[in-house]
Amino acid sequence: MILVKHYDFTQMSSIDENEWNIEVGDKWSNNEVQHYVNKPQNLYFDAGLVIQATYTKNIIESARINTKNKFSFKYGKVDIIAKVPTGKGTWPALWMMSQNSIHGGWPRSGEIDIMEHVGNELDKLYLCIHTAAYNHQRKEQYFQKKTIQGLSSDFQKFTLVWLQDQISYYVNDTLLATYKRGENGKDISDKGWPFNDDSFYLIINLAIGGTLGGTVDYQCFPQKFIIKDIKIYQSKEI
């Protein structure tokens, strides 16, 4: 595979808004409690991109950025070097959504989670993909939770390999999970596997609380989600 995109956040001092969109707003899904803002204390650079959640005057503020309409890709490998926060209630995520929403809104056009973590389970890593037929709102889904000792104590390399009919997850080059189109009798149509029909864009955020983040320790703030580097590779044939 060849390198097609490289975000070296260790060499940056500000967000390039030709490359990234900064999302803002008070209301988000999954009963999350954070307000996403565009403020220097919540989104800044210090030997990497720092998304910092703060708690001031009874308001939790954090940040969320994405590459929609600026960069998307279809099939390939993503390597991300990042360090998750440790405070209870933190919910950092690296994930991807369909650029053009060909099959409709979430979850019909698919969601690919590269990594999700919660501060209430420091050594646990959530590896999920979501489709119309298989998502966290239904009983059946593509979902695995892995234990990695010391996961939250240092930077880790999170890798996702997206092939035509297969998505695999690695941490520090160790294979953790693979999902295959049609596995275990699952629907092979776009309702069960919408990942062959569109390019996907990147999302980076630090949510707080909600259905996965859980109980929040309001004494733990500030909390930092640090991303040093993102590399995206594609095969020459794509």
# chains A, B, ... in the order shown; residues from 1 in each chain; ligands from 1

$ residues_around --residues "Thr54 of chain A" --least-positions-apart "2" --cutoff "12 Å" --atoms "only C-alpha atoms" --output "ChimeraX atom specification"
/A:33-37,39-43,51-52,56-63,87,90,206-208,217-225

$ select_by_dssp --residues "segment 12-229 of chain A" --states "strand (DSSP E or B)" --output "number ranges by chain"
A: 21-23, 25, 32, 35-36, 43-45, 49-56, 59-62, 64-66, 72-73, 76-83, 90-98, 111-116, 124-130, 142-147, 156-163, 166-171, 174-180, 200-209, 223-229

$ closest_residue --among "A:Tyr169, A:Trp91, A:Trp28, A:Phe9" --to "Val216 of chain A" --atoms "only C-alpha atoms"
A:Trp91

$ atom_distance --atom1 "atom CA of Glu17 of chain A" --atom2 "atom CA of Ser101 of chain A"
22.4 Å

$ closest_residue --among "A:Met115, A:Leu202, A:Ile188, A:Ile2" --to "Asn69 of chain A" --atoms "only C-alpha atoms"
A:Leu202

$ select_by_dssp --residues "segment 2-171 of chain A" --states "helix (DSSP H, G or I)" --output "mmCIF file with C-alpha atoms, in the first residue's frame"
data_model
loop_
_atom_site.group_PDB
_atom_site.id
_atom_site.type_symbol
_atom_site.label_atom_id
_atom_site.label_comp_id
_atom_site.auth_asym_id
_atom_site.auth_seq_id
_atom_site.Cartn_x
_atom_site.Cartn_y
_atom_site.Cartn_z
ATOM 1 C CA PHE A 9 0.109 16.681 14.431
ATOM 2 C CA THR A 10 3.494 16.893 16.165
ATOM 3 C CA GLN A 11 4.532 19.397 13.489
ATOM 4 C CA LEU A 151 -4.035 0.617 27.295
ATOM 5 C CA SER A 152 -4.633 4.045 28.830
ATOM 6 C CA SER A 153 -1.166 4.509 30.341
#

$ closest_residue --among "A:Asp79, A:Glu111, A:Glu19, A:Asp154" --to "Asp198 of chain A" --atoms "only C-alpha atoms"
A:Glu111

$ residues_around --residues "Phe73 of chain A" --least-positions-apart "5" --cutoff "9 Å" --atoms "only C-alpha atoms" --output "number ranges by chain"
A: 99, 198-201, 232, 234

$ atom_distance --atom1 "atom CA of Ser235 of chain A" --atom2 "atom CA of His130 of chain A"
24.6 Å

$ closest_residue --among "A:Lys77, A:His103, A:Arg138, A:Lys70" --to "Asp173 of chain A" --atoms "only C-alpha atoms"
A:Lys77
